[in-house]
Structures are given as C-alpha cells and as structure tokens.
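The next block is upload_10.cif, given as mmCIF, C-alpha atoms.
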```cif
data_structure
#
loop_
_atom_site.label_atom_id
_atom_site.label_comp_id
_atom_site.auth_asym_id
_atom_site.auth_seq_id
_atom_site.Cartn_x
_atom_site.Cartn_y
_atom_site.Cartn_z
CA MET A 398 20.68 10.42 -5.92
CA PRO A 399 17.80 9.24 -8.15
CA THR A 400 18.57 6.24 -10.26
CA GLU A 401 19.28 6.83 -13.94
CA PRO A 402 16.40 6.01 -16.30
CA ARG A 403 16.68 2.87 -18.35
CA THR A 404 15.14 1.57 -21.53
CA PRO A 405 11.64 -0.01 -21.27
CA THR A 406 13.02 -3.54 -21.37
CA GLU A 407 15.82 -2.77 -18.94
CA GLN A 408 13.33 -1.21 -16.53
CA PHE A 409 11.63 -4.53 -16.00
CA ALA A 410 14.46 -6.99 -16.49
CA ALA A 411 16.14 -8.58 -13.50
CA PRO A 412 19.32 -10.42 -14.53
CA VAL A 413 19.70 -14.10 -13.88
CA ARG A 414 23.17 -15.58 -13.75
CA PRO A 415 23.66 -18.68 -15.89
CA GLY A 416 22.83 -21.70 -13.81
CA GLY A 417 21.56 -19.48 -10.96
CA ARG A 418 18.73 -20.51 -8.70
CA GLY A 419 16.34 -18.22 -10.54
CA GLU A 420 16.42 -20.50 -13.59
CA GLY A 421 14.83 -23.48 -11.84
CA ALA A 422 14.33 -26.49 -14.09
CA PRO A 423 12.21 -25.24 -17.03
CA ARG A 424 11.07 -27.51 -19.80
CA VAL A 425 10.87 -24.75 -22.43
CA GLY A 426 13.07 -21.84 -23.42
CA HIS A 427 12.49 -18.15 -22.76
CA ARG A 428 11.17 -17.56 -26.29
CA VAL A 429 8.40 -20.17 -25.95
CA GLY A 430 7.76 -19.24 -22.33
CA PHE A 431 7.14 -15.65 -23.42
CA TRP A 432 4.12 -16.77 -25.47
CA PHE A 433 2.93 -19.16 -22.78
CA VAL A 434 2.75 -16.29 -20.28
CA ALA A 435 1.08 -13.99 -22.83
CA VAL A 436 -1.69 -16.52 -23.48
CA ALA A 437 -2.16 -17.19 -19.76
CA PHE A 438 -2.37 -13.44 -19.08
CA ALA A 439 -5.02 -12.98 -21.77
CA VAL A 440 -7.13 -15.94 -20.63
CA LEU A 441 -7.16 -14.86 -16.99
CA MET A 442 -8.15 -11.30 -17.87
CA ALA A 443 -10.89 -12.59 -20.20
CA PHE A 444 -12.22 -14.72 -17.37
CA GLY A 445 -12.60 -11.57 -15.25
CA THR A 446 -14.89 -9.79 -17.74
CA ALA A 447 -16.75 -12.82 -19.12
CA PRO A 448 -19.83 -12.36 -16.86
CA THR A 449 -20.64 -8.96 -18.43
CA PRO A 450 -23.41 -10.18 -20.79
CA LEU A 451 -24.43 -12.88 -18.29
CA TRP A 452 -25.45 -10.62 -15.39
CA PRO A 453 -29.17 -10.60 -16.34
CA LEU A 454 -29.08 -14.41 -16.41
CA TYR A 455 -27.40 -14.57 -13.01
CA ALA A 456 -29.89 -12.04 -11.62
CA ALA A 457 -32.83 -14.07 -12.92
CA ARG A 458 -31.37 -17.32 -11.58
CA ASP A 459 -30.52 -16.02 -8.10
CA GLY A 460 -33.23 -13.35 -7.78
CA PHE A 461 -31.20 -10.18 -7.15
CA ASP A 462 -31.54 -6.60 -8.40
CA VAL A 463 -29.32 -4.04 -10.16
CA THR A 464 -27.55 -2.98 -6.96
CA MET A 465 -26.62 -6.57 -6.18
CA ILE A 466 -25.24 -6.95 -9.70
CA THR A 467 -22.79 -4.12 -9.03
CA VAL A 468 -21.95 -5.51 -5.58
CA VAL A 469 -21.20 -8.96 -6.98
CA PHE A 470 -19.18 -7.35 -9.74
CA ALA A 471 -17.30 -5.23 -7.19
CA VAL A 472 -16.46 -8.26 -5.02
CA LEU A 473 -13.78 -8.87 -7.64
CA VAL A 474 -12.20 -5.56 -6.57
CA GLY A 475 -11.75 -6.77 -2.99
CA GLY A 476 -10.13 -9.95 -4.21
CA ALA A 477 -7.88 -8.04 -6.58
CA ALA A 478 -6.77 -5.66 -3.80
CA LEU A 479 -5.92 -8.65 -1.61
CA GLY A 480 -3.89 -10.20 -4.43
CA PHE A 481 -2.08 -6.98 -5.26
CA LEU A 482 -1.15 -6.13 -1.69
CA THR A 483 -0.26 -9.58 -0.34
CA LEU A 484 1.83 -11.23 -3.07
CA GLY A 485 1.36 -9.26 -6.28
CA HIS A 486 4.10 -6.80 -5.34
CA LEU A 487 6.66 -9.46 -4.39
CA SER A 488 7.69 -10.83 -7.78
CA ASP A 489 10.89 -8.73 -7.70
CA ARG A 490 11.92 -10.76 -4.63
CA ILE A 491 10.38 -14.24 -4.83
CA GLY A 492 10.19 -14.67 -8.60
CA ARG A 493 7.73 -14.05 -11.41
CA ARG A 494 6.62 -17.66 -11.89
CA ARG A 495 5.99 -18.05 -8.15
CA ILE A 496 3.30 -15.37 -8.49
CA VAL A 497 1.84 -16.21 -11.91
CA VAL A 498 1.33 -19.93 -11.19
CA PRO A 499 -0.70 -19.30 -7.99
CA ALA A 500 -2.67 -16.63 -9.87
CA LEU A 501 -3.79 -19.19 -12.42
CA ALA A 502 -4.46 -21.80 -9.73
CA VAL A 503 -6.72 -19.42 -7.80
CA ALA A 504 -8.53 -18.41 -11.00
CA LEU A 505 -9.05 -22.09 -11.81
CA ALA A 506 -10.58 -22.59 -8.36
CA ALA A 507 -12.87 -19.64 -9.09
CA ALA A 508 -14.01 -21.19 -12.38
CA VAL A 509 -14.71 -24.49 -10.63
CA ALA A 510 -16.71 -22.71 -7.92
CA LEU A 511 -18.74 -20.75 -10.49
CA THR A 512 -19.46 -23.95 -12.43
CA TRP A 513 -20.70 -26.18 -9.62
CA TRP A 514 -21.75 -23.81 -6.82
CA THR A 515 -24.87 -22.44 -8.53
CA SER A 516 -26.18 -19.93 -6.00
CA LEU A 517 -25.51 -16.34 -4.98
CA PRO A 518 -22.91 -17.31 -2.31
CA GLY A 519 -21.09 -19.39 -4.93
CA LEU A 520 -21.15 -16.46 -7.33
CA ILE A 521 -19.69 -14.15 -4.68
CA VAL A 522 -16.95 -16.61 -3.70
CA GLY A 523 -16.08 -17.27 -7.34
CA ARG A 524 -15.84 -13.57 -8.15
CA PHE A 525 -13.68 -12.94 -5.09
CA LEU A 526 -11.25 -15.71 -6.06
CA ASN A 527 -11.27 -14.38 -9.61
CA GLY A 528 -10.20 -11.00 -8.26
CA VAL A 529 -7.39 -12.55 -6.22
CA GLY A 530 -6.08 -14.21 -9.38
CA ILE A 531 -6.18 -10.94 -11.27
CA GLY A 532 -4.42 -9.16 -8.42
CA LEU A 533 -1.60 -11.67 -8.49
CA MET A 534 -1.32 -11.67 -12.27
CA ALA A 535 -1.82 -8.07 -13.45
CA SER A 536 1.15 -6.43 -11.73
CA THR A 537 3.45 -9.36 -12.47
CA ALA A 538 2.74 -10.64 -15.98
CA THR A 539 3.89 -7.47 -17.75
CA THR A 540 7.27 -7.57 -15.99
CA TYR A 541 7.53 -11.30 -16.64
CA LEU A 542 6.98 -10.76 -20.38
CA HIS A 543 9.69 -8.08 -20.50
CA ASP A 544 12.08 -10.36 -18.61
CA LEU A 545 11.44 -13.39 -20.83
CA TYR A 546 11.88 -11.36 -24.00
CA ALA A 547 15.11 -9.87 -22.69
CA ARG A 548 16.48 -13.36 -22.00
CA ALA A 549 15.44 -14.67 -25.42
CA HIS A 550 16.78 -11.60 -27.27
CA PRO A 551 19.63 -10.12 -25.20
CA GLY A 552 20.68 -7.74 -27.97
CA ARG A 553 17.30 -6.04 -28.39
CA SER A 554 17.10 -3.65 -25.45
CA GLN A 555 14.92 -1.19 -27.39
CA ALA A 556 12.37 -3.77 -28.60
CA VAL A 557 8.72 -2.74 -28.33
CA LEU A 558 7.26 -6.25 -28.78
CA PRO A 559 6.99 -7.02 -25.03
CA GLU A 560 4.97 -3.88 -24.43
CA VAL A 561 2.77 -4.57 -27.47
CA VAL A 562 2.13 -8.16 -26.39
CA ALA A 563 1.46 -7.15 -22.78
CA THR A 564 -1.08 -4.57 -23.96
CA ALA A 565 -2.74 -7.06 -26.30
CA ALA A 566 -2.90 -9.72 -23.60
CA ASN A 567 -4.25 -7.38 -20.93
CA LEU A 568 -6.83 -5.31 -22.79
CA GLY A 569 -7.35 -7.88 -25.53
CA GLY A 570 -8.20 -10.45 -22.89
CA LEU A 571 -10.59 -8.04 -21.19
CA ALA A 572 -12.23 -7.48 -24.58
CA LEU A 573 -12.58 -11.15 -25.52
CA GLY A 574 -14.21 -12.25 -22.27
CA PRO A 575 -17.57 -10.50 -22.82
CA LEU A 576 -17.60 -11.33 -26.53
CA VAL A 577 -17.03 -15.05 -25.96
CA ALA A 578 -19.62 -15.18 -23.17
CA GLY A 579 -22.08 -13.20 -25.31
CA VAL A 580 -21.73 -15.67 -28.17
CA VAL A 581 -22.23 -18.61 -25.79
CA ALA A 582 -25.29 -17.00 -24.19
CA GLN A 583 -26.82 -16.12 -27.55
CA TRP A 584 -26.44 -19.43 -29.33
CA LEU A 585 -25.57 -22.25 -26.89
CA PRO A 586 -27.61 -23.95 -24.16
CA HIS A 587 -26.80 -23.59 -20.46
CA PRO A 588 -24.62 -20.48 -21.00
CA LEU A 589 -23.66 -20.00 -17.35
CA THR A 590 -22.29 -23.52 -16.98
CA VAL A 591 -20.75 -23.70 -20.46
CA THR A 592 -18.93 -20.36 -20.07
CA GLN A 593 -17.41 -21.12 -16.68
CA LEU A 594 -16.54 -24.71 -17.56
CA GLY A 595 -14.83 -23.53 -20.75
CA PHE A 596 -12.71 -21.07 -18.80
CA ALA A 597 -11.88 -23.76 -16.24
CA VAL A 598 -10.42 -25.93 -19.00
CA ALA A 599 -8.54 -23.01 -20.56
CA LEU A 600 -7.08 -21.93 -17.21
CA ALA A 601 -5.98 -25.49 -16.43
CA VAL A 602 -4.08 -25.65 -19.73
CA CYS A 603 -2.49 -22.25 -19.08
CA LEU A 604 -1.45 -23.37 -15.60
CA LEU A 605 0.44 -26.34 -17.04
CA LEU A 606 2.10 -24.19 -19.70
CA THR A 607 3.22 -21.57 -17.18
CA MET A 608 4.68 -24.20 -14.86
CA ALA A 609 7.00 -25.15 -17.74
CA THR A 610 8.16 -21.54 -18.21
CA PRO A 611 11.58 -20.49 -16.85
CA GLU A 612 11.99 -18.11 -13.92
CA THR A 613 13.70 -14.80 -14.69
CA VAL A 614 14.56 -13.50 -11.22
CA ASP A 615 17.82 -14.47 -9.53
CA LEU A 616 16.44 -15.73 -6.23
CA SER A 617 19.87 -15.89 -4.62
CA ARG A 618 20.36 -12.19 -5.33
CA THR A 619 16.92 -11.15 -4.16
CA ALA A 620 17.37 -13.12 -0.94
CA ARG A 621 20.21 -10.74 -0.07
CA ASP A 622 18.60 -7.57 -1.44
CA LYS A 623 15.26 -6.76 0.13
CA PRO A 624 13.93 -3.58 -1.51
CA ALA A 625 11.31 -1.39 0.08
CA ARG A 626 7.79 -2.48 -0.74
CA PHE A 627 6.74 1.00 -1.85
CA ALA A 628 9.31 3.71 -2.56
CA LEU A 629 9.06 6.70 -4.89
CA ARG A 630 11.94 8.67 -6.28
CA PRO A 631 12.49 12.12 -4.72
CA GLY A 632 10.00 14.70 -5.95
CA MET A 633 7.85 12.16 -7.80
CA ARG A 634 4.83 12.02 -5.48
CA PRO A 635 2.73 14.41 -7.65
CA ALA A 636 3.44 12.25 -10.70
CA PHE A 637 2.25 9.13 -8.89
CA LEU A 638 -0.85 10.85 -7.51
CA SER A 639 -1.66 12.01 -11.03
CA ALA A 640 -1.15 8.45 -12.30
CA THR A 641 -3.57 6.97 -9.76
CA GLY A 642 -6.17 9.60 -10.68
CA LEU A 643 -5.90 8.62 -14.34
CA ALA A 644 -6.22 4.93 -13.41
CA PHE A 645 -9.28 5.47 -11.22
CA CYS A 646 -11.17 7.50 -13.83
CA SER A 647 -10.41 5.18 -16.74
CA PHE A 648 -11.35 2.04 -14.80
CA ALA A 649 -14.55 3.68 -13.55
CA LEU A 650 -15.71 3.72 -17.16
CA PHE A 651 -14.61 0.13 -17.70
CA GLY A 652 -16.45 -0.92 -14.54
CA LEU A 653 -19.69 0.83 -15.48
CA VAL A 654 -19.88 -0.79 -18.93
CA ASN A 655 -18.97 -4.21 -17.55
CA ALA A 656 -21.29 -4.12 -14.54
CA LEU A 657 -24.28 -2.21 -15.87
CA GLY A 658 -23.87 -2.14 -19.65
CA SER A 659 -26.39 -4.94 -20.18
CA VAL A 660 -28.85 -3.18 -17.86
CA ILE A 661 -28.47 0.10 -19.74
CA LEU A 662 -28.98 -1.66 -23.06
CA HIS A 663 -32.09 -3.47 -21.86
CA THR A 664 -33.83 -0.69 -19.94
CA ARG A 665 -32.95 2.35 -22.06
CA LEU A 666 -32.18 1.04 -25.54
CA GLY A 667 -34.55 -1.91 -25.62
CA VAL A 668 -31.81 -4.42 -26.46
CA SER A 669 -31.78 -7.75 -24.63
CA SER A 670 -29.35 -9.66 -26.86
CA PRO A 671 -26.46 -11.16 -24.83
CA PHE A 672 -24.27 -10.88 -27.91
CA VAL A 673 -24.79 -7.11 -28.13
CA ALA A 674 -24.27 -6.86 -24.37
CA GLY A 675 -20.89 -8.51 -24.87
CA LEU A 676 -20.11 -6.52 -28.02
CA ALA A 677 -20.14 -3.14 -26.24
CA PRO A 678 -17.33 -3.92 -23.76
CA PHE A 679 -15.48 -5.78 -26.50
CA LEU A 680 -15.42 -2.61 -28.62
CA MET A 681 -14.45 -0.54 -25.60
CA PHE A 682 -11.45 -2.66 -24.63
CA ILE A 683 -10.33 -3.25 -28.22
CA ALA A 684 -10.43 0.50 -28.81
CA ALA A 685 -8.39 0.99 -25.63
CA ALA A 686 -5.76 -1.50 -26.81
CA LEU A 687 -5.59 -0.09 -30.35
CA ALA A 688 -5.30 3.47 -29.06
CA GLN A 689 -2.40 2.45 -26.83
CA LEU A 690 -0.63 0.71 -29.68
CA ALA A 691 -1.29 3.50 -32.18
CA LEU A 692 0.09 6.13 -29.81
CA ALA A 693 3.09 4.07 -28.72
CA PRO A 694 5.53 6.34 -30.67
CA LEU A 695 4.16 9.41 -28.90
CA PRO A 696 6.29 10.78 -26.01
CA PRO A 697 4.77 9.61 -22.69
CA ARG A 698 4.33 13.18 -21.48
CA ARG A 699 1.80 13.80 -24.28
CA LEU A 700 -0.40 10.78 -23.60
CA PRO A 701 -2.46 12.29 -20.74
CA ALA A 702 -3.46 15.30 -22.86
CA VAL A 703 -4.65 13.06 -25.70
CA GLY A 704 -6.60 10.86 -23.30
CA ALA A 705 -8.07 13.87 -21.52
CA VAL A 706 -9.66 14.94 -24.83
CA ALA A 707 -10.93 11.57 -26.11
CA PHE A 708 -12.17 10.34 -22.73
CA PRO A 709 -14.65 13.19 -22.00
CA ALA A 710 -15.76 13.24 -25.63
CA GLY A 711 -16.62 9.55 -25.49
CA LEU A 712 -18.39 9.90 -22.14
CA ALA A 713 -20.49 12.76 -23.51
CA LEU A 714 -21.46 10.64 -26.50
CA VAL A 715 -22.45 7.76 -24.21
CA ALA A 716 -24.83 10.09 -22.35
CA VAL A 717 -26.25 11.40 -25.63
CA SER A 718 -26.74 7.90 -27.03
CA VAL A 719 -28.71 6.80 -23.95
CA TYR A 720 -30.78 9.98 -24.00
CA GLY A 721 -31.63 9.41 -27.67
CA SER A 722 -31.94 5.60 -27.34
CA THR A 723 -29.53 5.09 -30.24
CA LEU A 724 -27.74 1.74 -30.25
CA TRP A 725 -25.14 2.45 -32.92
CA LEU A 726 -24.14 5.69 -31.21
CA TYR A 727 -23.86 3.89 -27.87
CA LEU A 728 -21.50 1.31 -29.36
CA ALA A 729 -19.42 4.00 -31.08
CA ALA A 730 -19.38 6.13 -27.92
CA THR A 731 -18.13 3.30 -25.72
CA ALA A 732 -15.34 2.72 -28.25
CA VAL A 733 -14.31 6.40 -28.21
CA ALA A 734 -14.44 6.59 -24.42
CA GLY A 735 -12.58 3.27 -24.19
CA ALA A 736 -9.83 4.61 -26.44
CA GLY A 737 -9.45 7.65 -24.22
CA GLY A 738 -9.50 5.51 -21.08
CA GLY A 739 -6.87 3.18 -22.51
CA VAL A 740 -4.56 6.09 -23.25
CA LEU A 741 -5.04 7.51 -19.75
CA PHE A 742 -4.30 4.10 -18.23
CA LYS A 743 -1.14 3.70 -20.30
CA ALA A 744 -0.02 7.19 -19.28
CA GLY A 745 -0.61 6.31 -15.65
CA ILE A 746 1.54 3.19 -15.89
CA ALA A 747 4.35 5.19 -17.53
CA GLN A 748 4.23 7.78 -14.76
CA SER A 749 4.13 5.12 -12.05
CA VAL A 750 7.13 3.23 -13.45
CA THR A 751 9.10 6.46 -13.72
CA ALA A 752 8.09 7.62 -10.24
CA ALA A 753 9.10 4.36 -8.55
CA GLU A 754 12.51 3.54 -7.18
CA THR A 755 13.99 0.87 -9.42
CA ALA A 756 13.87 -1.88 -6.79
CA SER A 757 10.27 -1.06 -5.81
CA ARG A 758 8.54 -1.03 -9.19
CA ALA A 759 6.44 -4.11 -8.50
CA GLY A 760 5.22 -2.62 -5.20
CA VAL A 761 4.42 0.76 -6.74
CA LEU A 762 2.58 -0.86 -9.63
CA ALA A 763 0.64 -2.98 -7.14
CA VAL A 764 -0.63 0.18 -5.41
CA TYR A 765 -1.40 1.70 -8.82
CA PHE A 766 -3.52 -1.32 -9.74
CA VAL A 767 -5.31 -1.29 -6.37
CA VAL A 768 -6.49 2.27 -7.06
CA ALA A 769 -7.44 1.31 -10.63
CA TYR A 770 -9.54 -1.62 -9.46
CA ALA A 771 -11.17 0.52 -6.79
CA GLY A 772 -12.33 2.63 -9.72
CA LEU A 773 -13.57 -0.52 -11.41
CA GLY A 774 -16.02 -1.31 -8.60
CA LEU A 775 -16.90 1.61 -6.33
CA PRO A 776 -18.32 4.11 -8.88
CA SER A 777 -20.55 1.39 -10.34
CA ILE A 778 -22.07 0.70 -6.93
CA LEU A 779 -22.65 4.42 -6.45
CA PHE A 780 -24.18 4.63 -9.93
CA SER A 781 -26.62 1.80 -9.16
CA GLU A 782 -27.75 3.64 -6.03
CA VAL A 783 -28.13 7.03 -7.71
CA ILE A 784 -30.38 5.66 -10.48
CA ARG A 785 -32.87 4.74 -7.75
CA HIS A 786 -33.47 8.47 -7.27
CA LEU A 787 -32.56 10.04 -10.62
CA SER A 788 -33.21 9.06 -14.20
CA MET A 789 -30.64 6.99 -16.09
CA GLU A 790 -29.97 9.93 -18.43
CA THR A 791 -29.35 12.41 -15.59
CA THR A 792 -27.15 9.94 -13.74
CA LEU A 793 -25.06 9.25 -16.84
CA ILE A 794 -24.58 12.99 -17.44
CA CYS A 795 -23.41 13.49 -13.84
CA PHE A 796 -21.19 10.41 -14.07
CA ALA A 797 -19.63 11.66 -17.31
CA ALA A 798 -19.07 15.13 -15.90
CA VAL A 799 -17.40 13.92 -12.70
CA LEU A 800 -15.11 11.45 -14.46
CA SER A 801 -14.19 13.98 -17.14
CA ALA A 802 -13.31 16.57 -14.52
CA GLY A 803 -11.27 14.00 -12.60
CA ALA A 804 -9.32 12.98 -15.69
CA VAL A 805 -8.59 16.59 -16.64
CA LEU A 806 -7.53 17.43 -13.07
CA ALA A 807 -5.22 14.42 -12.86
CA THR A 808 -3.72 15.37 -16.22
CA ALA A 809 -3.16 18.94 -15.03
CA VAL A 810 -1.43 17.76 -11.84
CA GLY A 811 0.89 15.54 -13.86
CA SER A 812 1.66 18.20 -16.45
CA ARG A 813 2.76 20.70 -13.79
CA GLY A 814 5.42 18.31 -12.52
CA THR A 815 8.77 17.47 -14.07
CA TRP A 816 8.48 13.68 -14.11
CA TRP A 817 9.18 13.40 -17.83
CA ARG A 818 12.25 15.59 -17.53
CA ARG A 819 13.53 13.39 -14.70
CA ALA A 820 12.89 10.41 -16.95
CA GLY A 821 14.90 11.99 -19.75
CA ARG A 822 11.89 12.01 -22.10
#
```

Represent the structure from my file as structure tokens, please.
Amino acid sequence: MPTEPRTPTEQFAAPVRPGGRGEGAPRVGHRVGFWFVAVAFAVLMAFGTAPTPLWPLYAARDGFDVTMITVVFAVLVGGAALGFLTLGHLSDRIGRRRIVVPALAVALAAAVALTWWTSLPGLIVGRFLNGVGIGLMASTATTYLHDLYARAHPGRSQAVLPEVVATAANLGGLALGPLVAGVVAQWLPHPLTVTQLGFAVALAVCLLLTMATPETVDLSRTARDKPARFALRPGMRPAFLSATGLAFCSFALFGLVNALGSVILHTRLGVSSPFVAGLAPFLMFIAAALAQLALAPLPPRRLPAVGAVAFPAGLALVAVSVYGSTLWLYLAATAVAGAGGGVLFKAGIAQSVTAAETASRAGVLAVYFVVAYAGLGLPSILFSEVIRHLSMETTLICFAAVLSAGAVLATAVGSRGTWWRRAGR
C-alpha cells in the first residue's frame, strides 16, 4: 500500500525523541539553528556561481579557450554527482548536520585551493571540491530547514516559511554569487584572489555556526531502520522521469548563462563589463526564485504548464536579443527564461517528493539533483563545441528549440500520469 501523503513540513520532518541521540549537544536552539543553516546554504550556493563574471579573467590568466571554460565549469558537475551519490542521500539515516558540516568543510577547502593554487590544475581541483560541497548540501539543507522549523514551531504543520526560506537560500544564493563577484571584478583590485578569499572567510564562519546547530534526526531510530536508497511509490516512475526531464532542461539554461554568458556578452553584444556579466545570471536566478514564491499558492499539478510557457518564451527572446545585439532585451530575456526554469525546477521537486517512498526521499532527491546538475554542465560543453562550426545565433536558436521541446515533452509525460491524484492534490 502506498503511504498516505503528508503536509509539506511533515514530509521532511523526522521526529527526535526528547533527549535522544539525534539531539547531540547543540549550543543554540532550533529557531536560531534554522537561520544558521539558511545562511550557510545561501553562501555555499553563491560560492558555486561566483566565477561566472570571472571566467574571462581566469582564461586570460591560465591561457585557455571557450571550450575549456565550459569544461572547468562542468567539473563542478562531477563533484556534485559524487557528493549526491556518496553521502548526500544519507541524511535520513546518519543525520542532517553530519552531511551539512562536511559540505561546508569541503567548500572551504575549495575556496582555499582557488585562492592559493593559482593555475589551471588548481582551478579544476577547486571547482571539483566546490561541486562535492554542493552535492552534499543541496539535497540535505532543504530537509534540514523543514526539520528545524518543525522543532521550533511544533504547532505549525502547514507553515510555508521553510519552503520560502529554502527557495530564497538556494536560488537567492545562486543569484548573489555572480553579482558579488561582478562588483569585486569591476571595482576592486586582484578580483580572483579577493573573491575566493572572501568566500573562504564566509564559509569558515558558516561552518562554525552550523556546528552549533542541533541535529533533527533520531540516530538511534535510523540505526534500526535502514530504508532503501532509492525507492519510488508504485506507479510513480513516469512522474519521476518527467521530473528529471524538467530539472535537466531548466539547469541547462542556468549552466549556459553561468558558463558562457560573459562570452556571449563580449563577443556578440560588445559588453566586457564584469558587473554586467554578473548581473545577467543574478536577474535569471532572482526571477526563478520570485516566480517560485509568487506561484506557491498554485496547485503543484499546474506548475509544469506555467513553466512550459514561460521557459520557451524566454529562450526565444534570448536568441532574438543575441541576433539583434540588444543588451536590455538579453537581460530581460534571461529573467523571463529564468522564471520559467525556476517554475519547472520547483515542479520537478514536487513530483520527485511525491513519487518517492517516504523513507527514501533523500535518495530520490539525490538522483533528481544528479540529473539536474548533469544539465548544468553537459549542454554547455556541447554548446561550446557547436559554436566552432555554426554561428552563435544559429546555435542559440537550436539550443532554445531543443530545450523548449524537452520541457514541453517532460510536462506532457507528467500531465498524463496521476501523480497529483495520488498525492491528494
């Protein structure tokens, strides 16, 4: 028998008995720990996207071309996959804090490597470690925030604040990274060193704060109960396949703008400002976050259809803006496409959570994020190879068409299923 659906907070919460081993010896309460984890989540995600306006500077320093930019960017994907599949799915069993703390420690090591190992191998190693940190954090922090809020407010099972904060920390962090790095590169000396050193300090502070945050998983209970790493509810495979399609397409857009946005701006729009190079992904991720928050009251089954309209429209406008060399339209287009991508990503998470067996949610979400991050890196590498043989405009049109078709197809597959009826929505 499939498990009965629960409220959003209940879906993530794992009870801890008073005085149980899951509590550990925290120095702060659940209410304060909630905000500690939110800040740490945002800082780590910002660290992942911070190099966006810096890629031309790295390329000039280390002497590599556009293809190598996308390869170095995509190295993060390999690290993220390793993090997701090794430990990122285990927080239901070994505890949330035992995943989040190593995530921050690995990210701190990445920042240190990027600060002092100033060569292409150092850049690759730093990006790989950065990806491992993201892989450990991304599929755990959201559940940790829901757990902490549930402990701090046991009577508010229907509260939407944890979801709002998780969205703001995730996409807001991704948005702030390029903007902060763009400001540093535009107006401060030694931008590569200053940016990475600044994130090293911020990550070190977040590591200390998270170590003082209470655990929310009853480790004595999870030692007895060992759920399957990846298990879907009966009949929910189409819903999960649809979800991964939505994730791949939306993150392919995010990856293109982050990896090659500065190259597109410089070569096709004649803009070399690092601040503008950071502004474009900032607008994209902020639009994604705002779209998710604005559509939060909408039934989850309707989200894919909304995203499947905004996402292709934004991609088409991106192609038009590059063809016409229009900066303002490019910025507006990335925001529209980002909004559509954010809605598709949110819909994919909702479908994944519903499709998963209750005890395997962390594992299912880990697989979901692996597919998403594959979309973040692989299409960008393909794009960098195709523009060697076709014009930027033609490549962008093909890219937009393929991703739009993929998003619509994934939406159609999900809409033909009955996952929302099984979820009682």

Requested in this report: Would you mind listing what lies within 7 Å of Thr449 of chain A as JSON, numbers by chain, with all atoms listed in the file counted and same-chain residues fewer than 5 positions away left out?
Outcome: {"A": [575, 655, 656, 675]}

**Report entry** Residue with smallest distance to Ile683 of chain A - pool A:Ala732, A:Ala809, A:Val468, A:Val497, counting only C-alpha atoms
**Finding:** A:Ala732

Non-local contacts of Tyr727 of chain A (6 Å; all atoms listed in the file; under 3 positions in same chain excluded) as a PDB file with C-alpha atoms, in the frame of the given file:
```pdb
ATOM      1  CA  VAL A 715     -22.450   7.760 -24.210  1.00  0.00           C
ATOM      2  CA  SER A 718     -26.740   7.900 -27.030  1.00  0.00           C
ATOM      3  CA  LEU A 724     -27.740   1.740 -30.250  1.00  0.00           C
ATOM      4  CA  ALA A 730     -19.380   6.130 -27.920  1.00  0.00           C
TER       5      ALA A 730
END
```

Report task. Would you mind telling me which residue in A:Thr464, A:Ser777, A:Ser516, A:Ser536 lies nearest to Phe648 of chain A when using all atoms listed in the file? Result ->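 Nearest candidate to Phe648 of chain A out of A:Thr464, A:Ser777, A:Ser516, A:Ser536: A:Ser777.
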
**Report entry** Computed interatomic separation between atom CA of Phe438 of chain A and atom CA of Ala566 of chain A (Å)
**Finding:**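 We find that atom CA of Phe438 of chain A and atom CA of Ala566 of chain A lie 5.9 Å from each other.
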
Query raised in the report: Near Ala734 of chain A, counting only C-alpha atoms, which residues have an atom at most 10 Å away, once you skip same-chain residues fewer than 2 positions from it, shown as a list of chain:residue names?
Result: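 In the requested form, the answer reads A:Ser647, A:Leu650, A:Phe651, A:Met681, A:Phe682, A:Ala684, A:Ala685, A:Gly704, A:Val706, A:Ala707, A:Phe708, A:Pro709, A:Ala710, A:Gly711, A:Leu712, A:Ala713, A:Leu714, A:Val715, A:Ala729, A:Ala730, A:Thr731, A:Ala732, A:Ala736, A:Gly737, A:Gly738, A:Gly739, A:Val740.
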
Deliver the residues from the most recent selection as a file, using C-alpha atoms, as a short mmCIF file (atom, residue, chain, number, x, y, z; two decimals), keeping the file's coordinate frame.
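Saved the output as selection38.cif:
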```
data_model
loop_
_atom_site.label_atom_id
_atom_site.label_comp_id
_atom_site.auth_asym_id
_atom_site.auth_seq_id
_atom_site.Cartn_x
_atom_site.Cartn_y
_atom_site.Cartn_z
CA SER A 647 -10.41 5.18 -16.74
CA LEU A 650 -15.71 3.72 -17.16
CA PHE A 651 -14.61 0.13 -17.70
CA MET A 681 -14.45 -0.54 -25.60
CA PHE A 682 -11.45 -2.66 -24.63
CA ALA A 684 -10.43 0.50 -28.81
CA ALA A 685 -8.39 0.99 -25.63
CA GLY A 704 -6.60 10.86 -23.30
CA VAL A 706 -9.66 14.94 -24.83
CA ALA A 707 -10.93 11.57 -26.11
CA PHE A 708 -12.17 10.34 -22.73
CA PRO A 709 -14.65 13.19 -22.00
CA ALA A 710 -15.76 13.24 -25.63
CA GLY A 711 -16.62 9.55 -25.49
CA LEU A 712 -18.39 9.90 -22.14
CA ALA A 713 -20.49 12.76 -23.51
CA LEU A 714 -21.46 10.64 -26.50
CA VAL A 715 -22.45 7.76 -24.21
CA ALA A 729 -19.42 4.00 -31.08
CA ALA A 730 -19.38 6.13 -27.92
CA THR A 731 -18.13 3.30 -25.72
CA ALA A 732 -15.34 2.72 -28.25
CA ALA A 736 -9.83 4.61 -26.44
CA GLY A 737 -9.45 7.65 -24.22
CA GLY A 738 -9.50 5.51 -21.08
CA GLY A 739 -6.87 3.18 -22.51
CA VAL A 740 -4.56 6.09 -23.25
#
```

Query raised in the report: Given the choices A:Met534, A:Val472, A:Leu517, A:Leu695, which gets closest to Ala504 of chain A if the distance is worked out from only C-alpha atoms?
Result: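 The shortest atom-to-atom distance to Ala504 of chain A comes from A:Met534.
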
Requested in this report: Can you turn the PyMOL selection byres ((chain A and resi 795-804) around 6) into a concrete residue list for this file, as a PyMOL selection string?
Outcome: chain A and resi 643+646+709+712+792-794+805-807

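For the set A:Val660, A:Leu773, A:Thr723, A:Thr808, the residue with the smallest atom-to-atom gap to Asp462 of chain A is A:Val660, counting all atoms listed in the file.
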